[in-house]
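> Have a look at this one before I ask anything.
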Amino acid sequence: MLPLPDALIWGALALAVLLCLARQRTPGLLLLGVALLAALALGRITPLALLISLAGLLLAWRTPSLPAPWRGVALALVLLWAIALTLHLVPGFDNLRVLDKVQAGPASVPFTLYLNLDKPLLFFGLLLAWPALLGQGGPIRWRSLALLVLPLAALLLLAWQLGALRPEVGLPHWWWLFAANNLLFTCVAEEALFRGFIQQAIARRSQAWVGILVASLLFGAAHLAGGPLLVLFAALAGACYGLAFQLSGRLSIAILLHFLFNFAHLAFFTYPLASR
């Protein structure tokens with residue numbers, strides 16, 4: 001269990017994410033403010049880090065109302081701010097380590113998990129700066145969406161055949177921490193950046209398939225630290241998430257598919273990799 005003070009911070013942050021995904025932006029942002037103030041009071045964020053966070057959110061809020069020449073500049077600055085938060089380059093965040101070198105199973109390599117406070121801010125900033133972030137809605141092509149399960153399952157099987165993973169069925173006792181963090185913080189932030197913003201921004205200037213392709217390649221490149229095989233798998237999985245966004249018109253569907261893929265990895269294979 002999380003210590004109660006920390007549970008209040010990340011609980012408020014999780015509710016803020018859910019409200020904003022449900023297009024209840026005002027109460028969601030109010031809860032985000034509660035989470036940040038609680039983090040400041042409890043020493044999880046310094047005044048400087050809070051100031052940088054609020055400055056980025058304020059700029060993001062003003063971005064859509066700026067005239068054309070300045071709107072692009074402001075959007076680029078918001079994007080740089082968001083990437084800096086994602087890469088943990090902004091000092092002053094004391095992210096909570098909830099798992100330290102645990103194993104999902106005997107054949108898995110040790111795994112450490114942090115509940116980040118900085119990375120989820122990316123979602124709120126892009127939501128303010130890019131009003132179309134959550135997608136346009138409309139009819140959902142359920143049959144086509146269901147078929148995306150096949151290439152994603154094939155990716156896990158291919159990783160097994162290449163020796164990166166091994167079957168290891170079962171869930172560790174900390175699965176719920178993994179699930180909450182992965183769904184509400186990791187997948188939301190990554191899908192907001194790559195599908196909600198990059199894919200849509202490129203598709204507006206070109207064609208839908210170009211947006212999916214570029215966003216997927218960049219998503220793969222973001223996993224470069226894991227080696228070329230992970231880059232390839234991430235790019236291919238990213239293409240599936242991009243198609244899910246395109247077929248549904250909803251960022252939430254891409255987030256859900258991304259999460260289900262990661263959770264299937266945890267439940268049925270060695271996580272994050274097989275031990276040698």
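By order of appearance in the structure tokens: chains A, B, ..., then residues from 1 within every chain, and ligands from 1 in the order shown.
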Which residues come within 8 Å of Ala235 (chain A), counting only C-alpha atoms, excluding same-chain residues fewer than 2 positions away, as a PDB file with C-alpha atoms, in the first residue's frame?


ATOM      1  CA  SER A 216       5.087   5.324 -34.927  1.00  0.00           C
ATOM      2  CA  LEU A 217       8.690   5.829 -36.018  1.00  0.00           C
ATOM      3  CA  LEU A 218       9.187   8.520 -33.377  1.00  0.00           C
ATOM      4  CA  PHE A 219       7.566   6.260 -30.778  1.00  0.00           C
ATOM      5  CA  GLY A 220      10.042   3.559 -31.716  1.00  0.00           C
ATOM      6  CA  ALA A 221      12.950   6.004 -31.534  1.00  0.00           C
ATOM      7  CA  VAL A 231      12.800   0.179 -31.239  1.00  0.00           C
ATOM      8  CA  LEU A 232      11.368  -2.024 -33.998  1.00  0.00           C
ATOM      9  CA  PHE A 233       8.732  -3.613 -31.761  1.00  0.00           C
ATOM     10  CA  ALA A 237       3.058  -1.526 -31.781  1.00  0.00           C
ATOM     11  CA  GLY A 238       2.809   2.247 -32.204  1.00  0.00           C
ATOM     12  CA  ALA A 239       1.385   1.745 -35.690  1.00  0.00           C
TER      13      ALA A 239
END

> Could you pull out the alpha helix (DSSP H) residues of region 63-221 of chain A, going by DSSP on the backbone, and write them as a PDB file with C-alpha atoms, in the first residue's frame?


ATOM      1  CA  ALA A  68      -1.069  32.413 -36.053  1.00  0.00           C
ATOM      2  CA  PRO A  69       2.621  33.400 -36.067  1.00  0.00           C
ATOM      3  CA  TRP A  70       2.905  33.179 -32.279  1.00  0.00           C
ATOM      4  CA  ARG A  71       0.662  30.152 -31.842  1.00  0.00           C
ATOM      5  CA  GLY A  72       3.205  27.916 -33.564  1.00  0.00           C
ATOM      6  CA  VAL A  73       6.054  29.286 -31.439  1.00  0.00           C
ATOM      7  CA  ALA A  74       4.073  28.792 -28.241  1.00  0.00           C
ATOM      8  CA  LEU A  75       3.103  25.257 -29.279  1.00  0.00           C
ATOM      9  CA  ALA A  76       6.762  24.415 -29.931  1.00  0.00           C
ATOM     10  CA  LEU A  77       7.714  25.755 -26.484  1.00  0.00           C
ATOM     11  CA  VAL A  78       4.960  23.716 -24.842  1.00  0.00           C
ATOM     12  CA  LEU A  79       6.211  20.640 -26.673  1.00  0.00           C
ATOM     13  CA  LEU A  80       9.787  21.230 -25.463  1.00  0.00           C
ATOM     14  CA  TRP A  81       8.466  21.737 -21.919  1.00  0.00           C
ATOM     15  CA  ALA A  82       6.500  18.496 -22.154  1.00  0.00           C
ATOM     16  CA  ILE A  83       9.461  16.507 -23.495  1.00  0.00           C
ATOM     17  CA  ALA A  84      11.725  17.896 -20.747  1.00  0.00           C
ATOM     18  CA  LEU A  85       9.226  16.712 -18.135  1.00  0.00           C
ATOM     19  CA  THR A  86       8.956  13.302 -19.795  1.00  0.00           C
ATOM     20  CA  LEU A 121       1.905  16.839 -16.740  1.00  0.00           C
ATOM     21  CA  LEU A 122       2.598  16.357 -20.453  1.00  0.00           C
ATOM     22  CA  PHE A 123      -1.016  15.206 -20.927  1.00  0.00           C
ATOM     23  CA  PHE A 124      -2.509  18.286 -19.279  1.00  0.00           C
ATOM     24  CA  GLY A 125      -0.219  20.689 -21.116  1.00  0.00           C
ATOM     25  CA  LEU A 126      -0.963  19.209 -24.543  1.00  0.00           C
ATOM     26  CA  LEU A 127      -4.682  19.082 -23.744  1.00  0.00           C
ATOM     27  CA  LEU A 128      -4.650  22.826 -23.092  1.00  0.00           C
ATOM     28  CA  ALA A 129      -2.426  23.709 -26.050  1.00  0.00           C
ATOM     29  CA  TRP A 142     -15.227  -2.073 -33.867  1.00  0.00           C
ATOM     30  CA  ARG A 143     -14.542  -4.953 -36.251  1.00  0.00           C
ATOM     31  CA  SER A 144     -11.405  -3.344 -37.622  1.00  0.00           C
ATOM     32  CA  LEU A 145     -10.313  -2.426 -34.104  1.00  0.00           C
ATOM     33  CA  ALA A 146     -10.696  -6.026 -32.932  1.00  0.00           C
ATOM     34  CA  LEU A 147      -8.392  -7.203 -35.729  1.00  0.00           C
ATOM     35  CA  VAL A 149      -5.261  -7.709 -31.503  1.00  0.00           C
ATOM     36  CA  LEU A 150      -3.734 -10.089 -34.066  1.00  0.00           C
ATOM     37  CA  PRO A 151      -0.592  -8.098 -34.996  1.00  0.00           C
ATOM     38  CA  LEU A 152      -0.045  -7.116 -31.350  1.00  0.00           C
ATOM     39  CA  ALA A 153      -0.234 -10.765 -30.268  1.00  0.00           C
ATOM     40  CA  ALA A 154       2.133 -11.635 -33.123  1.00  0.00           C
ATOM     41  CA  LEU A 155       4.652  -9.095 -31.779  1.00  0.00           C
ATOM     42  CA  LEU A 156       4.756 -10.822 -28.397  1.00  0.00           C
ATOM     43  CA  LEU A 157       5.132 -14.218 -30.035  1.00  0.00           C
ATOM     44  CA  LEU A 158       7.901 -12.918 -32.292  1.00  0.00           C
ATOM     45  CA  ALA A 159       9.721 -11.467 -29.278  1.00  0.00           C
ATOM     46  CA  TRP A 160       9.486 -14.923 -27.700  1.00  0.00           C
ATOM     47  CA  GLN A 161      10.924 -16.599 -30.794  1.00  0.00           C
ATOM     48  CA  TRP A 175       0.126  -6.074 -10.508  1.00  0.00           C
ATOM     49  CA  TRP A 176      -2.403  -3.439  -9.425  1.00  0.00           C
ATOM     50  CA  LEU A 177       0.333  -0.832  -8.952  1.00  0.00           C
ATOM     51  CA  PHE A 178       1.689  -1.637 -12.396  1.00  0.00           C
ATOM     52  CA  ALA A 179      -1.794  -1.453 -13.921  1.00  0.00           C
ATOM     53  CA  ALA A 180      -2.755   1.882 -12.351  1.00  0.00           C
ATOM     54  CA  ASN A 181       0.557   3.532 -13.201  1.00  0.00           C
ATOM     55  CA  VAL A 188      -1.921   8.418 -21.227  1.00  0.00           C
ATOM     56  CA  ALA A 189       1.218  10.571 -21.503  1.00  0.00           C
ATOM     57  CA  GLU A 190       2.733   8.574 -24.375  1.00  0.00           C
ATOM     58  CA  GLU A 191      -0.475   8.369 -26.403  1.00  0.00           C
ATOM     59  CA  GLN A 200      -2.932  14.494 -35.669  1.00  0.00           C
ATOM     60  CA  ALA A 201      -0.654  17.459 -36.371  1.00  0.00           C
ATOM     61  CA  ILE A 202       1.024  15.661 -39.277  1.00  0.00           C
ATOM     62  CA  ALA A 203      -2.239  14.217 -40.604  1.00  0.00           C
ATOM     63  CA  ARG A 204      -3.706  17.718 -40.777  1.00  0.00           C
ATOM     64  CA  ARG A 205      -0.924  18.799 -43.114  1.00  0.00           C
ATOM     65  CA  ALA A 208      -3.723  10.033 -42.113  1.00  0.00           C
ATOM     66  CA  TRP A 209      -1.274   7.246 -42.985  1.00  0.00           C
ATOM     67  CA  VAL A 210       1.652   9.699 -42.953  1.00  0.00           C
ATOM     68  CA  GLY A 211       0.702  10.821 -39.448  1.00  0.00           C
ATOM     69  CA  ILE A 212       0.500   7.217 -38.263  1.00  0.00           C
ATOM     70  CA  LEU A 213       3.847   6.354 -39.860  1.00  0.00           C
ATOM     71  CA  VAL A 214       5.789   9.334 -38.502  1.00  0.00           C
ATOM     72  CA  ALA A 215       4.300   9.055 -35.001  1.00  0.00           C
ATOM     73  CA  SER A 216       5.087   5.324 -34.927  1.00  0.00           C
ATOM     74  CA  LEU A 217       8.690   5.829 -36.018  1.00  0.00           C
ATOM     75  CA  LEU A 218       9.187   8.520 -33.377  1.00  0.00           C
ATOM     76  CA  PHE A 219       7.566   6.260 -30.778  1.00  0.00           C
ATOM     77  CA  GLY A 220      10.042   3.559 -31.716  1.00  0.00           C
ATOM     78  CA  ALA A 221      12.950   6.004 -31.534  1.00  0.00           C
TER      79      ALA A 221
END

> According to DSSP computed on the backbone, where in region 25-174 of chain A is there strand (DSSP E)? Give the residues as a list in words.

Leu96, Arg97, Val98, Leu99, Asp100, Lys101, Val102, Phe111, Thr112, Leu113, Tyr114 and Leu115 of chain A

> For Ala107 (chain A), which residue among A:Lys119, A:Gly170, A:Leu36, A:Arg141 is the nearest when counting only C-alpha atoms?

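Answer, going by the shortest atom-to-atom distance: A:Gly170.
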
> Give me the residues within 12 Å of Pro172 (chain A) as an mmCIF file with C-alpha atoms, in the first residue's frame, counting only C-alpha atoms and dropping any in the same chain fewer than 6 places off.


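So part-v8.cif came out as:
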data_model
loop_
_atom_site.group_PDB
_atom_site.id
_atom_site.type_symbol
_atom_site.label_atom_id
_atom_site.label_comp_id
_atom_site.auth_asym_id
_atom_site.auth_seq_id
_atom_site.Cartn_x
_atom_site.Cartn_y
_atom_site.Cartn_z
ATOM 1 C CA LEU A 99 8.873 -1.104 -6.518
ATOM 2 C CA VAL A 102 11.326 -6.810 -7.956
ATOM 3 C CA GLN A 103 10.716 -9.730 -10.321
ATOM 4 C CA ALA A 104 7.452 -10.451 -12.085
ATOM 5 C CA GLY A 105 8.506 -14.101 -12.022
ATOM 6 C CA PRO A 106 11.653 -16.225 -11.617
ATOM 7 C CA SER A 108 12.120 -12.143 -15.483
ATOM 8 C CA PHE A 111 12.098 -4.327 -12.393
ATOM 9 C CA PHE A 178 1.689 -1.637 -12.396
ATOM 10 C CA ALA A 179 -1.794 -1.453 -13.921
ATOM 11 C CA PHE A 263 -0.692 -5.857 -19.333
ATOM 12 C CA LEU A 266 3.099 -8.753 -17.803
ATOM 13 C CA ALA A 267 0.488 -11.517 -17.415
ATOM 14 C CA PHE A 268 1.743 -14.013 -20.006
ATOM 15 C CA PHE A 269 5.456 -13.356 -20.565
ATOM 16 C CA THR A 270 8.601 -12.407 -18.707
ATOM 17 C CA TYR A 271 8.463 -8.700 -17.795
#

> From the set A:Leu21, A:Leu87, A:Leu4, A:Leu171, which residue has the shortest atom-to-atom contact distance to Gly135 (chain A), counting only C-alpha atoms?

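Smallest distance to Gly135 (chain A) is found for A:Leu21.
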
> Rounded to one decimal, what separation in Å do you get between CA of Asp94 (chain A) and CA of Leu13 (chain A)?

15.0 Å
